[in-house]
$ cat upload_32.cif   # mmCIF, C-alpha atoms
data_my_file
#
loop_
_atom_site.group_PDB
_atom_site.id
_atom_site.type_symbol
_atom_site.label_atom_id
_atom_site.label_comp_id
_atom_site.auth_asym_id
_atom_site.auth_seq_id
_atom_site.Cartn_x
_atom_site.Cartn_y
_atom_site.Cartn_z
ATOM 1 C CA MET A 1428 -12.920 15.815 7.760
ATOM 2 C CA ILE A 1429 -11.515 14.241 4.613
ATOM 3 C CA TRP A 1430 -8.981 17.055 4.240
ATOM 4 C CA SER A 1431 -7.691 16.575 7.791
ATOM 5 C CA ALA A 1432 -7.074 12.864 7.060
ATOM 6 C CA ILE A 1433 -5.316 13.770 3.789
ATOM 7 C CA ILE A 1434 -3.028 16.415 5.300
ATOM 8 C CA ALA A 1435 -2.193 14.404 8.443
ATOM 9 C CA THR A 1436 -1.487 11.270 6.391
ATOM 10 C CA SER A 1437 0.729 13.212 3.972
ATOM 11 C CA VAL A 1438 2.747 14.877 6.731
ATOM 12 C CA VAL A 1439 3.348 11.653 8.648
ATOM 13 C CA ALA A 1440 4.028 9.678 5.447
ATOM 14 C CA PHE A 1441 6.819 12.124 4.614
ATOM 15 C CA MET A 1442 8.177 12.143 8.169
ATOM 16 C CA LEU A 1443 8.367 8.346 8.196
ATOM 17 C CA LYS A 1444 10.233 8.355 4.877
ATOM 18 C CA TYR A 1445 12.615 11.081 6.043
ATOM 19 C CA LEU A 1446 13.186 9.397 9.397
ATOM 20 C CA GLY A 1447 14.803 6.377 7.755
ATOM 21 C CA GLN A 1448 17.218 8.593 5.812
ATOM 22 C CA ALA A 1449 18.105 10.706 8.828
ATOM 23 C CA VAL A 1450 18.364 8.517 11.955
ATOM 24 C CA PRO A 1451 21.472 6.524 12.872
ATOM 25 C CA ALA A 1452 21.194 3.018 11.391
ATOM 26 C CA ALA A 1453 21.445 1.330 14.788
ATOM 27 C CA TRP A 1454 18.084 2.742 15.886
ATOM 28 C CA LEU A 1455 16.123 0.505 13.574
ATOM 29 C CA GLU A 1456 18.447 -2.482 13.397
ATOM 30 C CA ASN A 1457 16.877 -4.423 16.270
ATOM 31 C CA ALA A 1458 15.840 -7.868 14.951
ATOM 32 C CA ARG A 1459 12.409 -7.783 16.609
ATOM 33 C CA ILE A 1460 11.618 -4.326 15.269
ATOM 34 C CA GLN A 1461 12.647 -5.468 11.794
ATOM 35 C CA LYS A 1462 10.412 -8.535 12.069
ATOM 36 C CA PHE A 1463 7.499 -6.340 13.170
ATOM 37 C CA ALA A 1464 8.112 -3.969 10.253
ATOM 38 C CA LEU A 1465 8.281 -6.884 7.817
ATOM 39 C CA TYR A 1466 4.912 -8.343 8.787
ATOM 40 C CA LEU A 1467 3.030 -5.137 9.640
ATOM 41 C CA PRO A 1468 2.000 -4.324 6.034
ATOM 42 C CA THR A 1469 0.966 -7.950 5.520
ATOM 43 C CA ALA A 1470 -1.359 -7.845 8.540
ATOM 44 C CA LEU A 1471 -2.849 -4.446 7.681
ATOM 45 C CA LEU A 1472 -3.425 -5.255 4.008
ATOM 46 C CA ALA A 1473 -5.043 -8.576 4.962
ATOM 47 C CA ALA A 1474 -7.275 -6.730 7.439
ATOM 48 C CA LEU A 1475 -8.225 -4.169 4.792
ATOM 49 C CA VAL A 1476 -9.135 -6.967 2.376
ATOM 50 C CA ALA A 1477 -11.356 -8.518 5.072
ATOM 51 C CA VAL A 1478 -13.121 -5.259 5.989
ATOM 52 C CA GLN A 1479 -13.680 -4.244 2.379
ATOM 53 C CA THR A 1480 -14.900 -7.672 1.321
ATOM 54 C CA LEU A 1481 -17.139 -8.660 4.212
ATOM 55 C CA GLY A 1482 -17.865 -5.490 6.178
ATOM 56 C CA SER A 1483 -20.784 -3.145 5.703
ATOM 57 C CA GLU A 1484 -20.843 -0.592 8.544
ATOM 58 C CA LYS A 1485 -20.964 -2.959 11.545
ATOM 59 C CA ASN A 1486 -22.433 -5.949 9.711
ATOM 60 C CA ILE A 1487 -20.732 -8.926 8.117
ATOM 61 C CA VAL A 1488 -22.210 -9.495 4.665
ATOM 62 C CA PHE A 1489 -21.480 -11.677 1.673
ATOM 63 C CA ASP A 1490 -22.604 -9.846 -1.460
ATOM 64 C CA ALA A 1491 -21.742 -9.125 -5.098
ATOM 65 C CA ARG A 1492 -18.594 -7.329 -3.970
ATOM 66 C CA SER A 1493 -17.459 -10.350 -1.934
ATOM 67 C CA ILE A 1494 -17.849 -12.615 -4.968
ATOM 68 C CA GLY A 1495 -15.873 -10.088 -7.016
ATOM 69 C CA VAL A 1496 -12.988 -10.297 -4.534
ATOM 70 C CA LEU A 1497 -13.180 -14.090 -4.569
ATOM 71 C CA VAL A 1498 -12.754 -13.965 -8.356
ATOM 72 C CA ALA A 1499 -9.783 -11.599 -7.870
ATOM 73 C CA GLY A 1500 -8.200 -14.158 -5.526
ATOM 74 C CA ILE A 1501 -8.618 -16.897 -8.113
ATOM 75 C CA ALA A 1502 -7.107 -14.632 -10.786
ATOM 76 C CA LEU A 1503 -4.095 -13.881 -8.543
ATOM 77 C CA PHE A 1504 -3.668 -17.591 -7.866
ATOM 78 C CA PHE A 1505 -3.345 -18.104 -11.616
ATOM 79 C CA LYS A 1506 -0.784 -15.236 -11.748
ATOM 80 C CA ALA A 1507 -2.980 -12.726 -13.582
ATOM 81 C CA PRO A 1508 -1.462 -9.202 -13.777
ATOM 82 C CA PHE A 1509 -2.796 -6.483 -11.456
ATOM 83 C CA PRO A 1510 -5.047 -4.594 -13.915
ATOM 84 C CA VAL A 1511 -6.678 -7.878 -15.001
ATOM 85 C CA VAL A 1512 -7.304 -8.832 -11.363
ATOM 86 C CA VAL A 1513 -8.990 -5.516 -10.553
ATOM 87 C CA LEU A 1514 -10.984 -5.538 -13.786
ATOM 88 C CA LEU A 1515 -12.256 -9.102 -13.222
ATOM 89 C CA ALA A 1516 -13.377 -8.203 -9.694
ATOM 90 C CA ALA A 1517 -15.204 -5.109 -10.984
ATOM 91 C CA LEU A 1518 -16.849 -6.960 -13.884
ATOM 92 C CA THR A 1519 -18.005 -9.773 -11.587
ATOM 93 C CA SER A 1520 -19.533 -7.406 -9.057
ATOM 94 C CA ALA A 1521 -21.092 -5.200 -11.752
ATOM 95 C CA GLY A 1522 -22.486 -8.277 -13.511
ATOM 96 C CA ILE A 1523 -24.168 -9.496 -10.331
ATOM 97 C CA HIS A 1524 -25.580 -6.004 -9.674
ATOM 98 C CA GLN A 1525 -27.152 -6.098 -13.142
ATOM 99 C CA ILE A 1526 -28.989 -9.359 -12.463
ATOM 100 C CA MET B 1166 24.348 -1.274 -18.308
ATOM 101 C CA SER B 1167 22.689 2.006 -17.322
ATOM 102 C CA ARG B 1168 20.286 1.675 -20.265
ATOM 103 C CA ALA B 1169 19.151 -1.668 -18.874
ATOM 104 C CA ILE B 1170 18.524 -0.023 -15.490
ATOM 105 C CA LEU B 1171 16.528 2.783 -17.103
ATOM 106 C CA ARG B 1172 14.483 0.205 -19.007
ATOM 107 C CA ASP B 1173 13.733 -1.670 -15.751
ATOM 108 C CA SER B 1174 12.837 1.596 -14.036
ATOM 109 C CA LEU B 1175 10.496 2.663 -16.818
ATOM 110 C CA SER B 1176 8.672 -0.658 -16.957
ATOM 111 C CA VAL B 1177 8.228 -0.671 -13.169
ATOM 112 C CA ALA B 1178 7.078 2.961 -13.261
ATOM 113 C CA LEU B 1179 4.488 2.262 -15.946
ATOM 114 C CA THR B 1180 3.187 -0.908 -14.297
ATOM 115 C CA VAL B 1181 2.880 0.737 -10.903
ATOM 116 C CA GLY B 1182 1.443 3.862 -12.472
ATOM 117 C CA VAL B 1183 -1.524 1.805 -13.622
ATOM 118 C CA TYR B 1184 -2.325 1.119 -9.945
ATOM 119 C CA GLY B 1185 -2.903 4.875 -9.836
ATOM 120 C CA ILE B 1186 -6.047 4.435 -11.949
ATOM 121 C CA ALA B 1187 -7.386 2.000 -9.359
ATOM 122 C CA PHE B 1188 -6.473 4.447 -6.595
ATOM 123 C CA GLY B 1189 -8.089 7.450 -8.291
ATOM 124 C CA ALA B 1190 -11.251 5.437 -8.888
ATOM 125 C CA ALA B 1191 -11.245 4.064 -5.328
ATOM 126 C CA ALA B 1192 -10.873 7.576 -3.916
ATOM 127 C CA VAL B 1193 -13.914 8.821 -5.838
ATOM 128 C CA GLU B 1194 -15.851 5.721 -4.767
ATOM 129 C CA ALA B 1195 -15.037 6.717 -1.137
ATOM 130 C CA ASP B 1196 -16.482 10.220 -1.779
ATOM 131 C CA LEU B 1197 -13.181 12.077 -2.128
ATOM 132 C CA SER B 1198 -13.103 14.818 -4.751
ATOM 133 C CA VAL B 1199 -10.776 14.615 -7.751
ATOM 134 C CA LEU B 1200 -8.632 17.316 -6.118
ATOM 135 C CA GLN B 1201 -8.420 15.391 -2.830
ATOM 136 C CA ALA B 1202 -7.379 12.217 -4.654
ATOM 137 C CA CYS B 1203 -4.651 14.121 -6.527
ATOM 138 C CA VAL B 1204 -3.343 15.956 -3.447
ATOM 139 C CA LEU B 1205 -3.024 12.637 -1.614
ATOM 140 C CA SER B 1206 -1.016 11.142 -4.498
ATOM 141 C CA LEU B 1207 1.209 14.223 -4.811
ATOM 142 C CA LEU B 1208 1.942 14.653 -1.101
ATOM 143 C CA ALA B 1209 1.592 11.247 0.576
ATOM 144 C CA PHE B 1210 2.897 9.286 -2.464
ATOM 145 C CA THR B 1211 2.835 5.826 -0.933
ATOM 146 C CA GLY B 1212 0.290 3.522 -2.533
ATOM 147 C CA ALA B 1213 -0.773 1.159 0.230
ATOM 148 C CA SER B 1214 -1.240 4.022 2.740
ATOM 149 C CA GLN B 1215 -3.307 5.983 0.237
ATOM 150 C CA PHE B 1216 -5.511 2.966 -0.422
ATOM 151 C CA ALA B 1217 -5.888 2.598 3.360
ATOM 152 C CA VAL B 1218 -7.120 6.187 3.708
ATOM 153 C CA VAL B 1219 -9.831 5.760 1.092
ATOM 154 C CA GLY B 1220 -10.592 2.198 2.240
ATOM 155 C CA VAL B 1221 -11.250 3.246 5.837
ATOM 156 C CA LEU B 1222 -13.097 6.470 4.914
ATOM 157 C CA GLY B 1223 -15.158 4.564 2.341
ATOM 158 C CA ALA B 1224 -16.168 2.020 4.991
ATOM 159 C CA GLY B 1225 -17.467 4.865 7.176
ATOM 160 C CA GLY B 1226 -14.404 5.114 9.409
ATOM 161 C CA SER B 1227 -13.275 8.374 11.028
ATOM 162 C CA ALA B 1228 -10.488 10.600 9.722
ATOM 163 C CA LEU B 1229 -8.421 9.513 12.719
ATOM 164 C CA SER B 1230 -8.797 5.792 11.914
ATOM 165 C CA ALA B 1231 -7.972 6.445 8.266
ATOM 166 C CA PHE B 1232 -4.866 8.407 9.254
ATOM 167 C CA THR B 1233 -3.751 5.793 11.808
ATOM 168 C CA ALA B 1234 -4.118 2.835 9.428
ATOM 169 C CA ALA B 1235 -2.281 4.749 6.691
ATOM 170 C CA SER B 1236 0.550 5.793 8.999
ATOM 171 C CA LEU B 1237 1.058 2.255 10.311
ATOM 172 C CA LEU B 1238 1.410 1.127 6.693
ATOM 173 C CA GLY B 1239 3.911 3.932 6.077
ATOM 174 C CA ILE B 1240 6.326 2.670 8.744
ATOM 175 C CA ARG B 1241 7.949 0.314 6.245
ATOM 176 C CA ASN B 1242 9.195 3.325 4.277
ATOM 177 C CA SER B 1243 11.416 4.244 7.257
ATOM 178 C CA PHE B 1244 13.187 0.935 6.818
ATOM 179 C CA TYR B 1245 13.565 1.519 3.091
ATOM 180 C CA GLY B 1246 15.067 4.918 3.908
ATOM 181 C CA LEU B 1247 17.486 3.268 6.290
ATOM 182 C CA ARG B 1248 18.539 0.882 3.526
ATOM 183 C CA MET B 1249 18.894 3.672 0.958
ATOM 184 C CA ALA B 1250 20.675 6.343 3.066
ATOM 185 C CA PRO B 1251 24.214 4.877 2.797
ATOM 186 C CA ILE B 1252 23.708 4.254 -0.937
ATOM 187 C CA LEU B 1253 22.324 7.688 -1.847
ATOM 188 C CA GLN B 1254 24.441 9.777 0.582
ATOM 189 C CA VAL B 1255 22.451 12.954 -0.008
ATOM 190 C CA LYS B 1256 21.892 16.057 2.100
ATOM 191 C CA GLY B 1257 19.588 19.076 2.149
ATOM 192 C CA ALA B 1258 17.030 19.491 -0.635
ATOM 193 C CA LYS B 1259 18.214 16.320 -2.362
ATOM 194 C CA ARG B 1260 17.582 14.350 0.812
ATOM 195 C CA ILE B 1261 14.049 15.741 0.988
ATOM 196 C CA ALA B 1262 13.459 14.645 -2.612
ATOM 197 C CA ALA B 1263 15.012 11.244 -1.897
ATOM 198 C CA ALA B 1264 12.766 10.808 1.154
ATOM 199 C CA GLN B 1265 9.626 11.599 -0.826
ATOM 200 C CA LEU B 1266 10.623 9.056 -3.499
ATOM 201 C CA THR B 1267 11.444 6.314 -0.963
ATOM 202 C CA ILE B 1268 8.785 3.690 -1.709
ATOM 203 C CA ASP B 1269 8.596 -0.075 -2.339
ATOM 204 C CA GLU B 1270 9.500 0.137 -6.016
ATOM 205 C CA SER B 1271 12.401 2.637 -5.987
ATOM 206 C CA THR B 1272 14.037 0.689 -3.153
ATOM 207 C CA ALA B 1273 13.443 -2.661 -4.858
ATOM 208 C CA VAL B 1274 14.937 -1.607 -8.214
ATOM 209 C CA SER B 1275 17.922 -0.005 -6.494
ATOM 210 C CA VAL B 1276 18.639 -3.008 -4.282
ATOM 211 C CA ALA B 1277 18.323 -5.270 -7.344
ATOM 212 C CA GLN B 1278 21.436 -3.507 -8.772
ATOM 213 C CA GLU B 1279 23.507 -4.538 -5.756
ATOM 214 C CA GLY B 1280 26.981 -5.659 -6.787
ATOM 215 C CA LYS B 1281 26.994 -3.457 -9.878
ATOM 216 C CA GLY B 1282 28.180 -0.416 -7.936
ATOM 217 C CA LEU B 1283 26.820 2.599 -6.078
ATOM 218 C CA SER B 1284 26.154 4.740 -9.156
ATOM 219 C CA GLU B 1285 23.982 1.997 -10.697
ATOM 220 C CA MET B 1286 22.055 1.603 -7.443
ATOM 221 C CA ARG B 1287 21.528 5.370 -7.307
ATOM 222 C CA LEU B 1288 20.364 5.481 -10.913
ATOM 223 C CA GLY B 1289 17.864 2.674 -10.225
ATOM 224 C CA PHE B 1290 16.481 4.548 -7.225
ATOM 225 C CA TRP B 1291 16.126 7.969 -8.862
ATOM 226 C CA ALA B 1292 14.878 6.738 -12.240
ATOM 227 C CA THR B 1293 12.264 4.458 -10.671
ATOM 228 C CA GLY B 1294 11.232 6.971 -8.013
ATOM 229 C CA ILE B 1295 10.793 9.842 -10.474
ATOM 230 C CA GLY B 1296 9.128 7.576 -13.054
ATOM 231 C CA VAL B 1297 6.619 6.185 -10.557
ATOM 232 C CA TYR B 1298 5.951 9.696 -9.222
ATOM 233 C CA ILE B 1299 5.045 10.970 -12.685
ATOM 234 C CA PHE B 1300 2.885 8.008 -13.730
ATOM 235 C CA TRP B 1301 1.253 7.492 -10.315
ATOM 236 C CA ASN B 1302 0.034 11.086 -10.218
ATOM 237 C CA LEU B 1303 -1.009 11.146 -13.865
ATOM 238 C CA PHE B 1304 -3.003 7.919 -13.546
ATOM 239 C CA THR B 1305 -4.538 9.016 -10.220
ATOM 240 C CA LEU B 1306 -6.004 12.009 -12.059
ATOM 241 C CA LEU B 1307 -7.245 9.827 -14.928
ATOM 242 C CA GLY B 1308 -8.768 7.254 -12.559
ATOM 243 C CA ALA B 1309 -10.505 9.911 -10.475
ATOM 244 C CA LEU B 1310 -11.865 11.728 -13.540
ATOM 245 C CA GLY B 1311 -12.940 8.406 -15.067
ATOM 246 C CA ALA B 1312 -14.783 7.271 -11.946
ATOM 247 C CA THR B 1313 -16.462 10.676 -11.631
ATOM 248 C CA ALA B 1314 -17.711 10.368 -15.219
ATOM 249 C CA LEU B 1315 -19.049 6.852 -14.597
ATOM 250 C CA GLY B 1316 -21.514 7.922 -11.914
ATOM 251 C CA ASP B 1317 -22.855 5.136 -9.671
ATOM 252 C CA PRO B 1318 -19.697 3.250 -8.570
ATOM 253 C CA ALA B 1319 -21.412 0.028 -7.478
ATOM 254 C CA ALA B 1320 -23.035 -0.382 -10.894
ATOM 255 C CA TRP B 1321 -19.533 -0.527 -12.409
ATOM 256 C CA GLY B 1322 -18.220 -2.901 -9.781
ATOM 257 C CA LEU B 1323 -15.899 -0.341 -8.170
ATOM 258 C CA ASP B 1324 -17.016 -1.592 -4.753
ATOM 259 C CA ALA B 1325 -15.162 -4.845 -5.523
ATOM 260 C CA ALA B 1326 -12.240 -3.168 -7.300
ATOM 261 C CA VAL B 1327 -10.985 -1.556 -4.073
ATOM 262 C CA PRO B 1328 -10.620 -4.760 -2.007
ATOM 263 C CA ALA B 1329 -9.298 -6.519 -5.133
ATOM 264 C CA ALA B 1330 -6.584 -3.853 -5.298
ATOM 265 C CA PHE B 1331 -5.728 -4.513 -1.632
ATOM 266 C CA LEU B 1332 -5.562 -8.226 -2.390
ATOM 267 C CA GLY B 1333 -3.242 -7.453 -5.300
ATOM 268 C CA LEU B 1334 -0.959 -5.483 -2.961
ATOM 269 C CA LEU B 1335 -1.076 -8.228 -0.329
ATOM 270 C CA TRP B 1336 -0.428 -11.181 -2.661
ATOM 271 C CA PRO B 1337 3.317 -10.674 -3.330
ATOM 272 C CA ARG B 1338 3.891 -10.448 0.441
ATOM 273 C CA LEU B 1339 2.559 -13.965 1.037
ATOM 274 C CA ILE B 1340 5.792 -15.657 -0.039
ATOM 275 C CA SER B 1341 6.646 -17.221 3.325
ATOM 276 C CA LYS B 1342 4.612 -19.485 5.580
ATOM 277 C CA SER B 1343 4.930 -16.959 8.421
ATOM 278 C CA ALA B 1344 3.517 -14.206 6.203
ATOM 279 C CA ARG B 1345 0.552 -16.397 5.246
ATOM 280 C CA ILE B 1346 -0.141 -17.188 8.919
ATOM 281 C CA VAL B 1347 0.020 -13.483 9.849
ATOM 282 C CA ALA B 1348 -2.384 -12.689 6.990
ATOM 283 C CA LEU B 1349 -4.865 -15.430 7.934
ATOM 284 C CA ILE B 1350 -4.935 -14.485 11.637
ATOM 285 C CA SER B 1351 -5.395 -10.815 10.666
ATOM 286 C CA ILE B 1352 -8.309 -11.605 8.337
ATOM 287 C CA PHE B 1353 -9.924 -13.692 11.064
ATOM 288 C CA LEU B 1354 -9.368 -11.133 13.857
ATOM 289 C CA CYS B 1355 -10.510 -8.230 11.719
ATOM 290 C CA THR B 1356 -13.712 -9.972 10.606
ATOM 291 C CA LEU B 1357 -14.442 -10.935 14.199
ATOM 292 C CA LEU B 1358 -14.131 -7.280 15.303
ATOM 293 C CA ILE B 1359 -16.349 -5.788 12.572
ATOM 294 C CA PRO B 1360 -19.630 -5.999 14.567
ATOM 295 C CA PHE B 1361 -18.063 -4.618 17.753
ATOM 296 C CA ALA B 1362 -15.770 -1.772 16.738
ATOM 297 C CA ALA B 1363 -16.170 1.481 14.799
ATOM 298 C CA PRO B 1364 -15.229 1.147 11.103
ATOM 299 C CA GLY B 1365 -11.463 1.339 10.648
ATOM 300 C CA VAL B 1366 -10.659 0.209 14.182
ATOM 301 C CA PRO B 1367 -10.574 -3.537 13.322
ATOM 302 C CA VAL B 1368 -7.878 -2.775 10.720
ATOM 303 C CA ILE B 1369 -5.724 -0.875 13.218
ATOM 304 C CA ALA B 1370 -6.212 -3.612 15.815
ATOM 305 C CA CYS B 1371 -4.566 -6.060 13.434
ATOM 306 C CA ALA B 1372 -1.230 -4.297 13.977
ATOM 307 C CA LEU B 1373 -1.222 -6.396 17.167
ATOM 308 C CA VAL B 1374 -0.747 -9.578 15.140
ATOM 309 C CA PRO B 1375 2.768 -8.813 13.835
ATOM 310 C CA PHE B 1376 3.570 -7.133 17.166
ATOM 311 C CA ILE B 1377 2.884 -10.344 19.090
ATOM 312 C CA PHE B 1378 4.605 -12.313 16.339
ATOM 313 C CA ALA B 1379 7.782 -10.228 16.632
ATOM 314 C CA PHE B 1380 7.962 -9.421 20.339
ATOM 315 C CA VAL B 1381 6.324 -12.351 22.110
ATOM 316 C CA GLY B 1382 7.282 -15.188 19.769
ATOM 317 C CA ASP B 1383 10.512 -17.181 19.736
ATOM 318 C CA ARG B 1384 13.860 -15.403 19.821
ATOM 319 C CA LYS B 1385 14.840 -15.699 16.180
#

$ encode --input "upload_32.cif" --output "structure tokens"
Amino acid sequence: MIWSAIIATSVVAFMLKYLGQAVPAAWLENARIQKFALYLPTALLAALVAVQTLGSEKNIVFDARSIGVLVAGIALFFKAPFPVVVLLAALTSAGIHQI
Amino acid sequence: MSRAILRDSLSVALTVGVYGIAFGAAAVEADLSVLQACVLSLLAFTGASQFAVVGVLGAGGSALSAFTAASLLGIRNSFYGLRMAPILQVKGAKRIAAAQLTIDESTAVSVAQEGKGLSEMRLGFWATGIGVYIFWNLFTLLGALGATALGDPAAWGLDAAVPAAFLGLLWPRLISKSARIVALISIFLCTLLIPFAAPGVPVIACALVPFIFAFVGDRK
């Protein structure tokens, strides 16, 4: 099951990249399509943050992991670099697990 | 001038490469093997989509949900390709290589050279693309091996590292008020759907937010 997701994702990821190089420019130049494309990653990444921070199967939980992400948000607010952000989140969550 | 571009490319490639550690670790945390993590980095080679695959699978979502979320995230690469095609002007095998290397960073470094000339823009694209490809794959392997050696992922806080990585990818996109509104509505909608939909589906449903924003909103 994991392999099918990996292969399908890889094939489509390449096709999407190639598509942009190969199609006539006018196809994708519609203002509404461009606006959709601009905000689509924002929406999906925000949704992934929500699911990974608060979701556990079909339950909404607030746990060590959630506090770790909260700390990551604070670190980003203070312009911490990416590795520091991830490390702080991991240390926070691990620390709470230890208690 | 070209040395300055190569320096930019290398620093971007190294910085982004480090995300690969987080990805490799996240993949293992989601029960992918080291080989599966590496194949995804080698073939898919688009960070946010790869994180989406392991994020959805790790949350118990189906392969189809993981694939759909990842592919929706990959759509932006089409627009990067569109931007790069007239600059690169490549055909055949070179176009296939260019397509594979068309990601956020290679496009960004290339576009940043605008005004300096086509050859500088091309150099920025190829140097960054190849550099990121090398470091991203190398660090994916290291991250996956490292996480495998650690054992219990939750004890090391890897359960929080994955959403923190997503937050790190999201953050630079929140520059405009519209982007922040889209993000907030998506977080709210997604959380609301968690109890009612299969894992992964709430994420895909959030594609509706920018859709409504772009196609139903005002005519700007």

$ residues_near_point --input "upload_32.cif" --point "(0.4, 13.0, 0.7)" --cutoff "8 Å" --atoms "only C-alpha atoms" --output "count of residues only"
16

$ resolve_selection --input "upload_32.cif" --expression "the PyMOL selection byres ((chain B and resi 1312) around 10)" --output "list in words"
Ile1186, Ala1187, Gly1189, Ala1190, Ala1191, Ala1192, Val1193, Glu1194, Val1199, Leu1306, Leu1307, Gly1308, Ala1309, Leu1310, Gly1311, Thr1313, Ala1314, Leu1315, Gly1316, Asp1317, Pro1318, Trp1321 and Leu1323 of chain B

$ resolve_selection --input "upload_32.cif" --expression "the PyMOL selection byres ((chain A and resi 1501) around 12)" --output "PyMOL selection string"
(chain A and resi 1494-1500+1502-1508+1511-1513+1515-1516) or (chain B and resi 1329+1332-1333+1336)

$ write_last_selection --input "upload_32.cif" --atoms "C-alpha atoms" --output "PDB file, in the frame of the given file"
ATOM      1  CA  ILE A1494     -17.849 -12.615  -4.968  1.00  0.00           C
ATOM      2  CA  GLY A1495     -15.873 -10.088  -7.016  1.00  0.00           C
ATOM      3  CA  VAL A1496     -12.988 -10.297  -4.534  1.00  0.00           C
ATOM      4  CA  LEU A1497     -13.180 -14.090  -4.569  1.00  0.00           C
ATOM      5  CA  VAL A1498     -12.754 -13.965  -8.356  1.00  0.00           C
ATOM      6  CA  ALA A1499      -9.783 -11.599  -7.870  1.00  0.00           C
ATOM      7  CA  GLY A1500      -8.200 -14.158  -5.526  1.00  0.00           C
ATOM      8  CA  ALA A1502      -7.107 -14.632 -10.786  1.00  0.00           C
ATOM      9  CA  LEU A1503      -4.095 -13.881  -8.543  1.00  0.00           C
ATOM     10  CA  PHE A1504      -3.668 -17.591  -7.866  1.00  0.00           C
ATOM     11  CA  PHE A1505      -3.345 -18.104 -11.616  1.00  0.00           C
ATOM     12  CA  LYS A1506      -0.784 -15.236 -11.748  1.00  0.00           C
ATOM     13  CA  ALA A1507      -2.980 -12.726 -13.582  1.00  0.00           C
ATOM     14  CA  PRO A1508      -1.462  -9.202 -13.777  1.00  0.00           C
ATOM     15  CA  VAL A1511      -6.678  -7.878 -15.001  1.00  0.00           C
ATOM     16  CA  VAL A1512      -7.304  -8.832 -11.363  1.00  0.00           C
ATOM     17  CA  VAL A1513      -8.990  -5.516 -10.553  1.00  0.00           C
ATOM     18  CA  LEU A1515     -12.256  -9.102 -13.222  1.00  0.00           C
ATOM     19  CA  ALA A1516     -13.377  -8.203  -9.694  1.00  0.00           C
TER      20      ALA A1516
ATOM     21  CA  ALA B1329      -9.298  -6.519  -5.133  1.00  0.00           C
ATOM     22  CA  LEU B1332      -5.562  -8.226  -2.390  1.00  0.00           C
ATOM     23  CA  GLY B1333      -3.242  -7.453  -5.300  1.00  0.00           C
ATOM     24  CA  TRP B1336      -0.428 -11.181  -2.661  1.00  0.00           C
TER      25      TRP B1336
END

$ resolve_selection --input "upload_32.cif" --expression "the PyMOL selection byres ((chain B) within 7 of (chain A))" --output "CSV table (one decimal) with C-alpha atoms, keeping the file's coordinate frame"
chain,number,residue,atom,x,y,z
B,1205,LEU,CA,-3.0,12.6,-1.6
B,1208,LEU,CA,1.9,14.7,-1.1
B,1209,ALA,CA,1.6,11.2,0.6
B,1224,ALA,CA,-16.2,2.0,5.0
B,1225,GLY,CA,-17.5,4.9,7.2
B,1228,ALA,CA,-10.5,10.6,9.7
B,1229,LEU,CA,-8.4,9.5,12.7
B,1231,ALA,CA,-8.0,6.4,8.3
B,1232,PHE,CA,-4.9,8.4,9.3
B,1235,ALA,CA,-2.3,4.7,6.7
B,1236,SER,CA,0.6,5.8,9.0
B,1238,LEU,CA,1.4,1.1,6.7
B,1239,GLY,CA,3.9,3.9,6.1
B,1240,ILE,CA,6.3,2.7,8.7
B,1241,ARG,CA,7.9,0.3,6.2
B,1242,ASN,CA,9.2,3.3,4.3
B,1243,SER,CA,11.4,4.2,7.3
B,1244,PHE,CA,13.2,0.9,6.8
B,1245,TYR,CA,13.6,1.5,3.1
B,1246,GLY,CA,15.1,4.9,3.9
B,1247,LEU,CA,17.5,3.3,6.3
B,1250,ALA,CA,20.7,6.3,3.1
B,1264,ALA,CA,12.8,10.8,1.2
B,1265,GLN,CA,9.6,11.6,-0.8
B,1267,THR,CA,11.4,6.3,-1.0
B,1319,ALA,CA,-21.4,0.0,-7.5
B,1320,ALA,CA,-23.0,-0.4,-10.9
B,1321,TRP,CA,-19.5,-0.5,-12.4
B,1322,GLY,CA,-18.2,-2.9,-9.8
B,1323,LEU,CA,-15.9,-0.3,-8.2
B,1324,ASP,CA,-17.0,-1.6,-4.8
B,1325,ALA,CA,-15.2,-4.8,-5.5
B,1326,ALA,CA,-12.2,-3.2,-7.3
B,1328,PRO,CA,-10.6,-4.8,-2.0
B,1329,ALA,CA,-9.3,-6.5,-5.1
B,1330,ALA,CA,-6.6,-3.9,-5.3
B,1331,PHE,CA,-5.7,-4.5,-1.6
B,1332,LEU,CA,-5.6,-8.2,-2.4
B,1333,GLY,CA,-3.2,-7.5,-5.3
B,1335,LEU,CA,-1.1,-8.2,-0.3
B,1338,ARG,CA,3.9,-10.4,0.4
B,1344,ALA,CA,3.5,-14.2,6.2
B,1347,VAL,CA,0.0,-13.5,9.8
B,1348,ALA,CA,-2.4,-12.7,7.0
B,1351,SER,CA,-5.4,-10.8,10.7
B,1352,ILE,CA,-8.3,-11.6,8.3
B,1355,CYS,CA,-10.5,-8.2,11.7
B,1356,THR,CA,-13.7,-10.0,10.6
B,1359,ILE,CA,-16.3,-5.8,12.6
B,1360,PRO,CA,-19.6,-6.0,14.6
B,1364,PRO,CA,-15.2,1.1,11.1
B,1368,VAL,CA,-7.9,-2.8,10.7
B,1371,CYS,CA,-4.6,-6.1,13.4
B,1372,ALA,CA,-1.2,-4.3,14.0
B,1374,VAL,CA,-0.7,-9.6,15.1
B,1375,PRO,CA,2.8,-8.8,13.8
B,1376,PHE,CA,3.6,-7.1,17.2
B,1379,ALA,CA,7.8,-10.2,16.6
B,1380,PHE,CA,8.0,-9.4,20.3

$ axis_aligned_box --input "upload_32.cif" --around "segment 1456-1468 of chain A" --padding-each-side "3 Å" --output "JSON"
{"center_x": 10.2, "center_y": -5.5, "center_z": 11.3, "size_x": 22.4, "size_y": 12.1, "size_z": 16.6}
